[in-house]
Amino acid sequence: MSKEEFKNAVKRIGVLTSGGDAPGMNAAVRAVVRASVYRGIEVIGIRRGWQGLINGDMFPMTTKDVSHIINTGGTILYTARSEEFRTKAGRERAYNNCRLFGLDGIVAIGGDGTFSGALALATEFPVSVVGIPGTIDNDIGCTHYSIGYDTAANTAVEAIDKLRDTMQSHERCSVIEVMGHRAGNLALYVGLATGATAVLIPEEPWEIERDVIDKIRSARIAGRTNFMIVVAEGAHPQDTTELEEAGITEKSGAGVAVGELIQRHLGLSPRVTVLGHVQRGGAPSARDRVTATRMGHYAVNILAEGKTNRIVVHTEGAIHDIDMVEGLAMKNTLNENEKVVVKTMTGVY
């Protein structure tokens, strides 16, 4: 099909990345630009998310601008959070720049906060918006998969496998804190992949004896001399009394809290490792590159068809779109099968 045969509802669109960065965002930006150019649609890159739209920090993008970025982490458009965009005045400034730059639509790559901003803008002003899920937490309720999750999980697994080597050599207990402030998807998946002794997640407040100590004891009775505990950064105890007595606060971190209680209960000296933002970096995996490319291509097509207020989602292996209001109303849920398998596998030797 030649470019002349396309009937596009939009002539010029903007693309931005917002919120936390995730490996594969560049692949999505690349797909948006290339799919648009193929259809004869102009693309404007918006730097630094919604704040960039407010400030007019934008530039025309061509296929040359997105060459050789499919394999790079981070985002060439940069990302930022914008308090100003949360206000009606801020969104009005953003819309005025949409008019100034001639934008008919916007592809916003990010999480729930990014989509909420897009919906607010499109509700108040005549701008078409489509969201692409990009977050390593994989905690967007309307999609089974978000860009960056696979890469972040593989990064954590690789780090834990390396830690396991030294842990086994010194016969130690290791507590690994992975990202996941409000969602335990990543911790659950990584714990399953690494054969952790115990996995602690934000959705289920933990009790130290039941969820950690008993499992370590079982492993010791079975002859194990080293133990791996995976903790999501947002995991929290049912009762904070013992931690308060030890002077441990939320600011100390979930991993430190668990490590302190293991030492108190068992006399072990756990090594606590906080993987932190290393999980957001690195070259995206093949899965993230392909998923991001498919989603970016799909986003351009539905904008060209005249759709708006949509989120591109990945469910049961298929790419499709869902109404943004409906999608934002959906709550993140953990994979129940993974939960059952983790509970079955941890503490059993």
# chains A, B, ... in the order shown; residues from 1 in each chain; ligands from 1

$ select_by_dssp --residues "segment 3-187 of chain A" --states "alpha helix (DSSP H)" --output "PDB file with N, CA, C and O atoms, in the first residue's frame"
ATOM      1  N   MET A  25      11.487   1.521  26.020  1.00  0.00           N
ATOM      2  CA  MET A  25      10.819   2.771  25.660  1.00  0.00           C
ATOM      3  C   MET A  25      11.355   3.315  24.337  1.00  0.00           C
ATOM      4  O   MET A  25      10.594   3.819  23.504  1.00  0.00           O
ATOM      5  N   ASN A  26      12.662   3.216  24.136  1.00  0.00           N
ATOM      6  CA  ASN A  26      13.242   3.690  22.873  1.00  0.00           C
ATOM      7  C   ASN A  26      12.718   2.897  21.679  1.00  0.00           C
ATOM      8  O   ASN A  26      12.482   3.450  20.608  1.00  0.00           O
ATOM      9  N   ALA A  27      12.521   1.604  21.886  1.00  0.00           N
ATOM     10  CA  ALA A  27      11.976   0.777  20.809  1.00  0.00           C
ATOM     11  C   ALA A  27      10.558   1.220  20.461  1.00  0.00           C
ATOM     12  O   ALA A  27      10.158   1.227  19.289  1.00  0.00           O
ATOM     13  N   ALA A  28       9.787   1.614  21.480  1.00  0.00           N
ATOM     14  CA  ALA A  28       8.419   2.093  21.241  1.00  0.00           C
ATOM     15  C   ALA A  28       8.430   3.425  20.501  1.00  0.00           C
ATOM     16  O   ALA A  28       7.642   3.642  19.572  1.00  0.00           O
ATOM     17  N   VAL A  29       9.322   4.331  20.912  1.00  0.00           N
ATOM     18  CA  VAL A  29       9.445   5.625  20.224  1.00  0.00           C
ATOM     19  C   VAL A  29       9.829   5.403  18.762  1.00  0.00           C
ATOM     20  O   VAL A  29       9.269   6.020  17.846  1.00  0.00           O
ATOM     21  N   ARG A  30      10.778   4.501  18.552  1.00  0.00           N
ATOM     22  CA  ARG A  30      11.213   4.182  17.189  1.00  0.00           C
ATOM     23  C   ARG A  30      10.043   3.686  16.343  1.00  0.00           C
ATOM     24  O   ARG A  30       9.865   4.096  15.184  1.00  0.00           O
ATOM     25  N   ALA A  31       9.235   2.812  16.929  1.00  0.00           N
ATOM     26  CA  ALA A  31       8.101   2.250  16.193  1.00  0.00           C
ATOM     27  C   ALA A  31       7.071   3.325  15.859  1.00  0.00           C
ATOM     28  O   ALA A  31       6.515   3.334  14.755  1.00  0.00           O
ATOM     29  N   VAL A  32       6.818   4.230  16.809  1.00  0.00           N
ATOM     30  CA  VAL A  32       5.864   5.314  16.563  1.00  0.00           C
ATOM     31  C   VAL A  32       6.336   6.184  15.401  1.00  0.00           C
ATOM     32  O   VAL A  32       5.563   6.525  14.511  1.00  0.00           O
ATOM     33  N   VAL A  33       7.609   6.523  15.400  1.00  0.00           N
ATOM     34  CA  VAL A  33       8.151   7.383  14.337  1.00  0.00           C
ATOM     35  C   VAL A  33       8.112   6.670  12.990  1.00  0.00           C
ATOM     36  O   VAL A  33       7.637   7.228  11.990  1.00  0.00           O
ATOM     37  N   ARG A  34       8.578   5.448  12.945  1.00  0.00           N
ATOM     38  CA  ARG A  34       8.641   4.729  11.663  1.00  0.00           C
ATOM     39  C   ARG A  34       7.249   4.417  11.111  1.00  0.00           C
ATOM     40  O   ARG A  34       7.013   4.543   9.909  1.00  0.00           O
ATOM     41  N   ALA A  35       6.331   4.021  11.989  1.00  0.00           N
ATOM     42  CA  ALA A  35       4.967   3.725  11.532  1.00  0.00           C
ATOM     43  C   ALA A  35       4.295   4.996  11.025  1.00  0.00           C
ATOM     44  O   ALA A  35       3.541   4.968  10.041  1.00  0.00           O
ATOM     45  N   SER A  36       4.553   6.119  11.682  1.00  0.00           N
ATOM     46  CA  SER A  36       3.969   7.389  11.258  1.00  0.00           C
ATOM     47  C   SER A  36       4.510   7.829   9.908  1.00  0.00           C
ATOM     48  O   SER A  36       3.746   8.223   9.015  1.00  0.00           O
ATOM     49  N   VAL A  37       5.808   7.769   9.764  1.00  0.00           N
ATOM     50  CA  VAL A  37       6.432   8.164   8.494  1.00  0.00           C
ATOM     51  C   VAL A  37       5.906   7.304   7.354  1.00  0.00           C
ATOM     52  O   VAL A  37       5.623   7.786   6.250  1.00  0.00           O
ATOM     53  N   TYR A  38       5.747   6.019   7.624  1.00  0.00           N
ATOM     54  CA  TYR A  38       5.229   5.106   6.596  1.00  0.00           C
ATOM     55  C   TYR A  38       3.832   5.511   6.144  1.00  0.00           C
ATOM     56  O   TYR A  38       3.488   5.387   4.967  1.00  0.00           O
ATOM     57  N   ARG A  39       3.034   6.017   7.080  1.00  0.00           N
ATOM     58  CA  ARG A  39       1.673   6.422   6.751  1.00  0.00           C
ATOM     59  C   ARG A  39       1.583   7.870   6.268  1.00  0.00           C
ATOM     60  O   ARG A  39       0.505   8.354   5.938  1.00  0.00           O
ATOM     61  N   GLY A  49       8.534  14.425  28.996  1.00  0.00           N
ATOM     62  CA  GLY A  49       7.150  14.118  29.326  1.00  0.00           C
ATOM     63  C   GLY A  49       6.204  15.298  29.207  1.00  0.00           C
ATOM     64  O   GLY A  49       6.354  16.174  28.355  1.00  0.00           O
ATOM     65  N   TRP A  50       5.202  15.301  30.102  1.00  0.00           N
ATOM     66  CA  TRP A  50       4.178  16.346  30.045  1.00  0.00           C
ATOM     67  C   TRP A  50       4.759  17.723  30.322  1.00  0.00           C
ATOM     68  O   TRP A  50       4.260  18.727  29.810  1.00  0.00           O
ATOM     69  N   GLN A  51       5.830  17.788  31.125  1.00  0.00           N
ATOM     70  CA  GLN A  51       6.450  19.081  31.383  1.00  0.00           C
ATOM     71  C   GLN A  51       7.044  19.658  30.104  1.00  0.00           C
ATOM     72  O   GLN A  51       7.026  20.877  29.882  1.00  0.00           O
ATOM     73  N   GLY A  52       7.564  18.790  29.247  1.00  0.00           N
ATOM     74  CA  GLY A  52       8.098  19.239  27.967  1.00  0.00           C
ATOM     75  C   GLY A  52       7.027  19.798  27.055  1.00  0.00           C
ATOM     76  O   GLY A  52       7.264  20.746  26.288  1.00  0.00           O
ATOM     77  N   LEU A  53       5.814  19.217  27.155  1.00  0.00           N
ATOM     78  CA  LEU A  53       4.695  19.733  26.361  1.00  0.00           C
ATOM     79  C   LEU A  53       4.306  21.121  26.863  1.00  0.00           C
ATOM     80  O   LEU A  53       3.987  22.016  26.080  1.00  0.00           O
ATOM     81  N   ILE A  54       4.342  21.323  28.172  1.00  0.00           N
ATOM     82  CA  ILE A  54       4.039  22.629  28.749  1.00  0.00           C
ATOM     83  C   ILE A  54       5.083  23.667  28.335  1.00  0.00           C
ATOM     84  O   ILE A  54       4.759  24.813  27.998  1.00  0.00           O
ATOM     85  N   ASN A  55       6.356  23.249  28.325  1.00  0.00           N
ATOM     86  CA  ASN A  55       7.452  24.181  28.032  1.00  0.00           C
ATOM     87  C   ASN A  55       7.733  24.343  26.546  1.00  0.00           C
ATOM     88  O   ASN A  55       8.571  25.161  26.162  1.00  0.00           O
ATOM     89  N   LYS A  88      -5.219  22.526  35.977  1.00  0.00           N
ATOM     90  CA  LYS A  88      -5.931  22.919  34.751  1.00  0.00           C
ATOM     91  C   LYS A  88      -5.121  23.959  33.962  1.00  0.00           C
ATOM     92  O   LYS A  88      -5.038  23.887  32.730  1.00  0.00           O
ATOM     93  N   ALA A  89      -4.483  24.876  34.688  1.00  0.00           N
ATOM     94  CA  ALA A  89      -3.676  25.901  34.023  1.00  0.00           C
ATOM     95  C   ALA A  89      -2.498  25.273  33.283  1.00  0.00           C
ATOM     96  O   ALA A  89      -2.151  25.693  32.171  1.00  0.00           O
ATOM     97  N   GLY A  90      -1.884  24.282  33.905  1.00  0.00           N
ATOM     98  CA  GLY A  90      -0.757  23.607  33.257  1.00  0.00           C
ATOM     99  C   GLY A  90      -1.184  22.874  32.000  1.00  0.00           C
ATOM    100  O   GLY A  90      -0.503  22.915  30.967  1.00  0.00           O
ATOM    101  N   ARG A  91      -2.327  22.209  32.068  1.00  0.00           N
ATOM    102  CA  ARG A  91      -2.813  21.479  30.888  1.00  0.00           C
ATOM    103  C   ARG A  91      -3.224  22.452  29.779  1.00  0.00           C
ATOM    104  O   ARG A  91      -3.098  22.146  28.593  1.00  0.00           O
ATOM    105  N   GLU A  92      -3.718  23.612  30.170  1.00  0.00           N
ATOM    106  CA  GLU A  92      -4.073  24.606  29.157  1.00  0.00           C
ATOM    107  C   GLU A  92      -2.831  25.101  28.422  1.00  0.00           C
ATOM    108  O   GLU A  92      -2.851  25.285  27.207  1.00  0.00           O
ATOM    109  N   ARG A  93      -1.749  25.292  29.167  1.00  0.00           N
ATOM    110  CA  ARG A  93      -0.478  25.672  28.524  1.00  0.00           C
ATOM    111  C   ARG A  93      -0.017  24.567  27.571  1.00  0.00           C
ATOM    112  O   ARG A  93       0.475  24.841  26.475  1.00  0.00           O
ATOM    113  N   ALA A  94      -0.182  23.324  28.009  1.00  0.00           N
ATOM    114  CA  ALA A  94       0.204  22.192  27.160  1.00  0.00           C
ATOM    115  C   ALA A  94      -0.626  22.168  25.880  1.00  0.00           C
ATOM    116  O   ALA A  94      -0.094  21.963  24.783  1.00  0.00           O
ATOM    117  N   TYR A  95      -1.933  22.403  26.018  1.00  0.00           N
ATOM    118  CA  TYR A  95      -2.798  22.403  24.834  1.00  0.00           C
ATOM    119  C   TYR A  95      -2.453  23.549  23.891  1.00  0.00           C
ATOM    120  O   TYR A  95      -2.464  23.374  22.669  1.00  0.00           O
ATOM    121  N   ASN A  96      -2.116  24.695  24.444  1.00  0.00           N
ATOM    122  CA  ASN A  96      -1.722  25.822  23.589  1.00  0.00           C
ATOM    123  C   ASN A  96      -0.498  25.474  22.749  1.00  0.00           C
ATOM    124  O   ASN A  96      -0.386  25.887  21.590  1.00  0.00           O
ATOM    125  N   ASN A  97       0.410  24.686  23.321  1.00  0.00           N
ATOM    126  CA  ASN A  97       1.571  24.246  22.553  1.00  0.00           C
ATOM    127  C   ASN A  97       1.185  23.180  21.529  1.00  0.00           C
ATOM    128  O   ASN A  97       1.812  23.072  20.475  1.00  0.00           O
ATOM    129  N   CYS A  98       0.161  22.386  21.838  1.00  0.00           N
ATOM    130  CA  CYS A  98      -0.347  21.444  20.834  1.00  0.00           C
ATOM    131  C   CYS A  98      -0.835  22.223  19.613  1.00  0.00           C
ATOM    132  O   CYS A  98      -0.561  21.848  18.463  1.00  0.00           O
ATOM    133  N   ARG A  99      -1.540  23.297  19.855  1.00  0.00           N
ATOM    134  CA  ARG A  99      -2.032  24.145  18.760  1.00  0.00           C
ATOM    135  C   ARG A  99      -0.872  24.814  18.029  1.00  0.00           C
ATOM    136  O   ARG A  99      -0.838  24.862  16.801  1.00  0.00           O
ATOM    137  N   LEU A 100       0.096  25.319  18.790  1.00  0.00           N
ATOM    138  CA  LEU A 100       1.237  26.012  18.186  1.00  0.00           C
ATOM    139  C   LEU A 100       2.040  25.096  17.274  1.00  0.00           C
ATOM    140  O   LEU A 100       2.470  25.491  16.187  1.00  0.00           O
ATOM    141  N   PHE A 101       2.217  23.840  17.716  1.00  0.00           N
ATOM    142  CA  PHE A 101       3.006  22.886  16.941  1.00  0.00           C
ATOM    143  C   PHE A 101       2.140  22.054  15.992  1.00  0.00           C
ATOM    144  O   PHE A 101       2.647  21.187  15.293  1.00  0.00           O
ATOM    145  N   ASP A 112       0.213   4.377  34.786  1.00  0.00           N
ATOM    146  CA  ASP A 112      -1.122   4.897  35.086  1.00  0.00           C
ATOM    147  C   ASP A 112      -1.139   6.418  35.221  1.00  0.00           C
ATOM    148  O   ASP A 112      -2.087   7.078  34.796  1.00  0.00           O
ATOM    149  N   GLY A 113      -0.101   6.980  35.838  1.00  0.00           N
ATOM    150  CA  GLY A 113      -0.040   8.422  35.996  1.00  0.00           C
ATOM    151  C   GLY A 113       0.044   9.137  34.657  1.00  0.00           C
ATOM    152  O   GLY A 113      -0.595  10.174  34.447  1.00  0.00           O
ATOM    153  N   THR A 114       0.809   8.571  33.751  1.00  0.00           N
ATOM    154  CA  THR A 114       0.930   9.117  32.398  1.00  0.00           C
ATOM    155  C   THR A 114      -0.409   9.092  31.687  1.00  0.00           C
ATOM    156  O   THR A 114      -0.817  10.066  31.039  1.00  0.00           O
ATOM    157  N   PHE A 115      -1.129   7.977  31.837  1.00  0.00           N
ATOM    158  CA  PHE A 115      -2.428   7.834  31.173  1.00  0.00           C
ATOM    159  C   PHE A 115      -3.477   8.762  31.787  1.00  0.00           C
ATOM    160  O   PHE A 115      -4.324   9.305  31.081  1.00  0.00           O
ATOM    161  N   SER A 116      -3.421   8.931  33.097  1.00  0.00           N
ATOM    162  CA  SER A 116      -4.363   9.840  33.758  1.00  0.00           C
ATOM    163  C   SER A 116      -4.173  11.259  33.241  1.00  0.00           C
ATOM    164  O   SER A 116      -5.144  11.989  33.013  1.00  0.00           O
ATOM    165  N   GLY A 117      -2.911  11.657  33.036  1.00  0.00           N
ATOM    166  CA  GLY A 117      -2.628  12.974  32.481  1.00  0.00           C
ATOM    167  C   GLY A 117      -3.137  13.109  31.064  1.00  0.00           C
ATOM    168  O   GLY A 117      -3.715  14.139  30.679  1.00  0.00           O
ATOM    169  N   ALA A 118      -2.953  12.063  30.271  1.00  0.00           N
ATOM    170  CA  ALA A 118      -3.420  12.079  28.884  1.00  0.00           C
ATOM    171  C   ALA A 118      -4.934  12.198  28.825  1.00  0.00           C
ATOM    172  O   ALA A 118      -5.491  12.967  28.025  1.00  0.00           O
ATOM    173  N   LEU A 119      -5.616  11.452  29.694  1.00  0.00           N
ATOM    174  CA  LEU A 119      -7.072  11.480  29.714  1.00  0.00           C
ATOM    175  C   LEU A 119      -7.592  12.858  30.124  1.00  0.00           C
ATOM    176  O   LEU A 119      -8.551  13.364  29.543  1.00  0.00           O
ATOM    177  N   ALA A 120      -6.952  13.457  31.122  1.00  0.00           N
ATOM    178  CA  ALA A 120      -7.366  14.791  31.566  1.00  0.00           C
ATOM    179  C   ALA A 120      -7.212  15.807  30.437  1.00  0.00           C
ATOM    180  O   ALA A 120      -8.102  16.642  30.208  1.00  0.00           O
ATOM    181  N   LEU A 121      -6.111  15.731  29.710  1.00  0.00           N
ATOM    182  CA  LEU A 121      -5.877  16.661  28.597  1.00  0.00           C
ATOM    183  C   LEU A 121      -6.918  16.476  27.505  1.00  0.00           C
ATOM    184  O   LEU A 121      -7.501  17.451  27.001  1.00  0.00           O
ATOM    185  N   ALA A 122      -7.186  15.216  27.142  1.00  0.00           N
ATOM    186  CA  ALA A 122      -8.127  14.932  26.058  1.00  0.00           C
ATOM    187  C   ALA A 122      -9.568  15.230  26.449  1.00  0.00           C
ATOM    188  O   ALA A 122     -10.405  15.522  25.588  1.00  0.00           O
ATOM    189  N   THR A 123      -9.872  15.159  27.747  1.00  0.00           N
ATOM    190  CA  THR A 123     -11.226  15.454  28.223  1.00  0.00           C
ATOM    191  C   THR A 123     -11.513  16.949  28.162  1.00  0.00           C
ATOM    192  O   THR A 123     -12.622  17.372  27.830  1.00  0.00           O
ATOM    193  N   GLU A 124     -10.490  17.740  28.434  1.00  0.00           N
ATOM    194  CA  GLU A 124     -10.660  19.191  28.496  1.00  0.00           C
ATOM    195  C   GLU A 124     -10.446  19.901  27.160  1.00  0.00           C
ATOM    196  O   GLU A 124     -10.993  20.982  26.933  1.00  0.00           O
ATOM    197  N   TYR A 149       9.354  -4.899  31.725  1.00  0.00           N
ATOM    198  CA  TYR A 149       9.235  -5.901  32.789  1.00  0.00           C
ATOM    199  C   TYR A 149      10.205  -7.065  32.588  1.00  0.00           C
ATOM    200  O   TYR A 149      10.904  -7.476  33.524  1.00  0.00           O
ATOM    201  N   ASP A 150      10.276  -7.586  31.393  1.00  0.00           N
ATOM    202  CA  ASP A 150      11.125  -8.748  31.128  1.00  0.00           C
ATOM    203  C   ASP A 150      12.595  -8.410  31.342  1.00  0.00           C
ATOM    204  O   ASP A 150      13.339  -9.185  31.944  1.00  0.00           O
ATOM    205  N   THR A 151      13.011  -7.246  30.864  1.00  0.00           N
ATOM    206  CA  THR A 151      14.407  -6.844  31.022  1.00  0.00           C
ATOM    207  C   THR A 151      14.756  -6.654  32.488  1.00  0.00           C
ATOM    208  O   THR A 151      15.804  -7.113  32.951  1.00  0.00           O
ATOM    209  N   ALA A 152      13.881  -5.973  33.239  1.00  0.00           N
ATOM    210  CA  ALA A 152      14.136  -5.742  34.660  1.00  0.00           C
ATOM    211  C   ALA A 152      14.225  -7.059  35.421  1.00  0.00           C
ATOM    212  O   ALA A 152      15.085  -7.235  36.295  1.00  0.00           O
ATOM    213  N   ALA A 153      13.339  -7.989  35.087  1.00  0.00           N
ATOM    214  CA  ALA A 153      13.359  -9.292  35.747  1.00  0.00           C
ATOM    215  C   ALA A 153      14.657 -10.033  35.444  1.00  0.00           C
ATOM    216  O   ALA A 153      15.285 -10.616  36.346  1.00  0.00           O
ATOM    217  N   ASN A 154      15.081 -10.003  34.184  1.00  0.00           N
ATOM    218  CA  ASN A 154      16.324 -10.683  33.809  1.00  0.00           C
ATOM    219  C   ASN A 154      17.535 -10.039  34.476  1.00  0.00           C
ATOM    220  O   ASN A 154      18.488 -10.733  34.857  1.00  0.00           O
ATOM    221  N   THR A 155      17.514  -8.706  34.622  1.00  0.00           N
ATOM    222  CA  THR A 155      18.603  -8.008  35.300  1.00  0.00           C
ATOM    223  C   THR A 155      18.690  -8.459  36.754  1.00  0.00           C
ATOM    224  O   THR A 155      19.781  -8.737  37.274  1.00  0.00           O
ATOM    225  N   ALA A 156      17.541  -8.538  37.417  1.00  0.00           N
ATOM    226  CA  ALA A 156      17.516  -8.970  38.816  1.00  0.00           C
ATOM    227  C   ALA A 156      17.957 -10.423  38.956  1.00  0.00           C
ATOM    228  O   ALA A 156      18.722 -10.766  39.868  1.00  0.00           O
ATOM    229  N   VAL A 157      17.489 -11.275  38.061  1.00  0.00           N
ATOM    230  CA  VAL A 157      17.856 -12.700  38.115  1.00  0.00           C
ATOM    231  C   VAL A 157      19.356 -12.876  37.925  1.00  0.00           C
ATOM    232  O   VAL A 157      20.005 -13.653  38.647  1.00  0.00           O
ATOM    233  N   GLU A 158      19.916 -12.141  36.978  1.00  0.00           N
ATOM    234  CA  GLU A 158      21.356 -12.234  36.726  1.00  0.00           C
ATOM    235  C   GLU A 158      22.150 -11.802  37.961  1.00  0.00           C
ATOM    236  O   GLU A 158      23.132 -12.443  38.345  1.00  0.00           O
ATOM    237  N   ALA A 159      21.720 -10.712  38.592  1.00  0.00           N
ATOM    238  CA  ALA A 159      22.408 -10.225  39.790  1.00  0.00           C
ATOM    239  C   ALA A 159      22.304 -11.234  40.927  1.00  0.00           C
ATOM    240  O   ALA A 159      23.283 -11.495  41.640  1.00  0.00           O
ATOM    241  N   ILE A 160      21.112 -11.808  41.117  1.00  0.00           N
ATOM    242  CA  ILE A 160      20.911 -12.775  42.201  1.00  0.00           C
ATOM    243  C   ILE A 160      21.714 -14.047  41.960  1.00  0.00           C
ATOM    244  O   ILE A 160      22.282 -14.631  42.892  1.00  0.00           O
ATOM    245  N   ASP A 161      21.787 -14.490  40.713  1.00  0.00           N
ATOM    246  CA  ASP A 161      22.588 -15.678  40.398  1.00  0.00           C
ATOM    247  C   ASP A 161      24.057 -15.458  40.765  1.00  0.00           C
ATOM    248  O   ASP A 161      24.735 -16.373  41.266  1.00  0.00           O
ATOM    249  N   LYS A 162      24.552 -14.245  40.548  1.00  0.00           N
ATOM    250  CA  LYS A 162      25.945 -13.938  40.884  1.00  0.00           C
ATOM    251  C   LYS A 162      26.125 -13.866  42.394  1.00  0.00           C
ATOM    252  O   LYS A 162      27.140 -14.336  42.935  1.00  0.00           O
ATOM    253  N   LEU A 163      25.141 -13.289  43.074  1.00  0.00           N
ATOM    254  CA  LEU A 163      25.205 -13.236  44.532  1.00  0.00           C
ATOM    255  C   LEU A 163      25.148 -14.637  45.142  1.00  0.00           C
ATOM    256  O   LEU A 163      25.772 -14.914  46.160  1.00  0.00           O
ATOM    257  N   ARG A 164      24.400 -15.510  44.487  1.00  0.00           N
ATOM    258  CA  ARG A 164      24.272 -16.878  45.000  1.00  0.00           C
ATOM    259  C   ARG A 164      25.637 -17.585  45.040  1.00  0.00           C
ATOM    260  O   ARG A 164      25.913 -18.363  45.958  1.00  0.00           O
ATOM    261  N   ASP A 165      26.496 -17.301  44.066  1.00  0.00           N
ATOM    262  CA  ASP A 165      27.813 -17.941  44.025  1.00  0.00           C
ATOM    263  C   ASP A 165      28.627 -17.636  45.282  1.00  0.00           C
ATOM    264  O   ASP A 165      29.185 -18.530  45.922  1.00  0.00           O
ATOM    265  N   THR A 166      28.675 -16.352  45.647  1.00  0.00           N
ATOM    266  CA  THR A 166      29.444 -15.986  46.848  1.00  0.00           C
ATOM    267  C   THR A 166      28.707 -16.392  48.112  1.00  0.00           C
ATOM    268  O   THR A 166      29.336 -16.746  49.120  1.00  0.00           O
ATOM    269  N   MET A 167      27.391 -16.388  48.080  1.00  0.00           N
ATOM    270  CA  MET A 167      26.595 -16.796  49.231  1.00  0.00           C
ATOM    271  C   MET A 167      26.841 -18.276  49.549  1.00  0.00           C
ATOM    272  O   MET A 167      26.995 -18.660  50.712  1.00  0.00           O
ATOM    273  N   GLN A 168      26.884 -19.097  48.522  1.00  0.00           N
ATOM    274  CA  GLN A 168      27.131 -20.521  48.718  1.00  0.00           C
ATOM    275  C   GLN A 168      28.549 -20.771  49.218  1.00  0.00           C
ATOM    276  O   GLN A 168      28.783 -21.635  50.062  1.00  0.00           O
ATOM    277  N   SER A 169      29.493 -19.979  48.713  1.00  0.00           N
ATOM    278  CA  SER A 169      30.888 -20.147  49.114  1.00  0.00           C
ATOM    279  C   SER A 169      31.093 -19.841  50.591  1.00  0.00           C
ATOM    280  O   SER A 169      31.906 -20.479  51.265  1.00  0.00           O
ATOM    281  N   HIS A 170      30.354 -18.869  51.114  1.00  0.00           N
ATOM    282  CA  HIS A 170      30.516 -18.448  52.504  1.00  0.00           C
ATOM    283  C   HIS A 170      29.407 -18.966  53.421  1.00  0.00           C
ATOM    284  O   HIS A 170      29.371 -18.610  54.595  1.00  0.00           O
ATOM    285  N   ASN A 185       4.637  -7.785  41.654  1.00  0.00           N
ATOM    286  CA  ASN A 185       4.771  -8.601  40.447  1.00  0.00           C
ATOM    287  C   ASN A 185       6.218  -8.988  40.173  1.00  0.00           C
ATOM    288  O   ASN A 185       6.532 -10.153  39.896  1.00  0.00           O
ATOM    289  N   LEU A 186       7.112  -7.999  40.226  1.00  0.00           N
ATOM    290  CA  LEU A 186       8.515  -8.245  39.904  1.00  0.00           C
ATOM    291  C   LEU A 186       9.165  -9.171  40.930  1.00  0.00           C
ATOM    292  O   LEU A 186       9.862 -10.123  40.559  1.00  0.00           O
ATOM    293  N   ALA A 187       8.922  -8.915  42.203  1.00  0.00           N
ATOM    294  CA  ALA A 187       9.514  -9.751  43.254  1.00  0.00           C
ATOM    295  C   ALA A 187       9.034 -11.191  43.146  1.00  0.00           C
ATOM    296  O   ALA A 187       9.812 -12.142  43.298  1.00  0.00           O
TER     297      ALA A 187
END

$ residues_around --residues "Ala22 of chain A" --least-positions-apart "2" --cutoff "10 Å" --atoms "only C-alpha atoms" --output "compact mmCIF listing (two decimals) with C-alpha atoms, in the first residue's frame"
# COMPACT_ATOMS: atom_id res chain seq x y z
CA THR A 17 7.79 9.19 27.61
CA GLY A 19 7.18 8.67 34.71
CA GLY A 20 9.83 6.07 35.45
CA GLY A 24 12.15 -0.78 25.60
CA MET A 25 10.82 2.77 25.66
CA ASN A 26 13.24 3.69 22.87
CA GLY A 73 17.95 1.43 27.46
CA GLY A 74 16.53 4.60 28.92
CA THR A 75 14.68 7.02 26.65
CA ILE A 109 4.43 6.00 26.89
CA GLY A 110 4.40 5.33 30.64
CA PRO A 133 2.22 0.84 28.95
CA GLY A 134 5.85 1.13 29.97
CA THR A 135 6.90 0.26 33.54
CA ILE A 136 9.21 -2.37 34.99
CA ASP A 137 6.69 -3.06 37.78
CA SER A 146 4.14 -3.68 30.14
CA ILE A 147 7.34 -2.67 28.37
CA GLY A 148 10.46 -3.12 30.51
CA TYR A 149 9.24 -5.90 32.79
CA THR A 151 14.41 -6.84 31.02
CA ALA A 152 14.14 -5.74 34.66
CA GLN A 279 16.90 -2.81 37.26
CA ARG A 280 15.71 0.07 35.07
CA GLY A 281 18.83 0.15 32.92
CA GLY A 282 20.48 -1.96 30.30
CA PRO A 284 16.08 -4.28 26.47
CA ASP A 288 10.65 -6.00 25.31

$ closest_atom_pairs --of "segment 95-191 of chain A" --to "segment 201-210 of chain A" --cutoff "9 Å" --atoms "only C-alpha atoms" --output "CSV"
residue,atom,partner,partner_atom,distance
A:Gly180,CA,A:Pro202,CA,7.9
A:His181,CA,A:Pro202,CA,7.2
A:Arg182,CA,A:Pro202,CA,5.9
A:Ala183,CA,A:Pro202,CA,6.0
A:Gly184,CA,A:Ile201,CA,4.7
A:Asn185,CA,A:Ile201,CA,8.2
A:Ala187,CA,A:Ile201,CA,6.7
A:Leu188,CA,A:Ile201,CA,7.3

$ select_by_dssp --residues "segment 139-342 of chain A" --states "strand (DSSP E or B)" --output "ChimeraX atom specification"
/A:147,173-178,198-200,206,227-232,237,271-274,310-315,318-323

$ residues_around --residues "Asp211 of chain A" --least-positions-apart "3" --cutoff "10 Å" --atoms "only C-alpha atoms" --output "short mmCIF file (atom, residue, chain, number, x, y, z; two decimals) with C-alpha atoms, in the first residue's frame"
data_model
loop_
_atom_site.label_atom_id
_atom_site.label_comp_id
_atom_site.auth_asym_id
_atom_site.auth_seq_id
_atom_site.Cartn_x
_atom_site.Cartn_y
_atom_site.Cartn_z
CA THR A 197 13.83 -19.43 50.10
CA ALA A 198 11.12 -16.81 50.71
CA VAL A 199 9.45 -13.97 48.78
CA LEU A 200 7.86 -10.94 50.44
CA PRO A 205 1.99 -8.01 54.92
CA TRP A 206 4.56 -10.46 56.20
CA GLU A 207 5.04 -12.09 59.59
CA ILE A 208 8.70 -12.86 60.22
CA ASP A 214 10.19 -21.12 59.46
CA LYS A 215 11.30 -21.47 55.83
CA ILE A 216 14.95 -20.92 56.71
CA LYS A 343 4.24 -20.76 48.11
CA THR A 346 9.66 -21.82 48.91
CA GLY A 347 10.72 -23.48 52.13
#

$ closest_atom_pairs --of "segment 75-147 of chain A" --to "segment 327-335 of chain A" --cutoff "6 Å" --atoms "only C-alpha atoms" --output "Markdown table"
| residue | atom | partner | partner_atom | distance |
| --- | --- | --- | --- | --- |
| A:Asp139 | CA | A:Asn332 | CA | 5.3 |
| A:Ile140 | CA | A:Asn332 | CA | 5.7 |
| A:Gly141 | CA | A:Asn332 | CA | 4.0 |
| A:Cys142 | CA | A:Gly327 | CA | 5.0 |
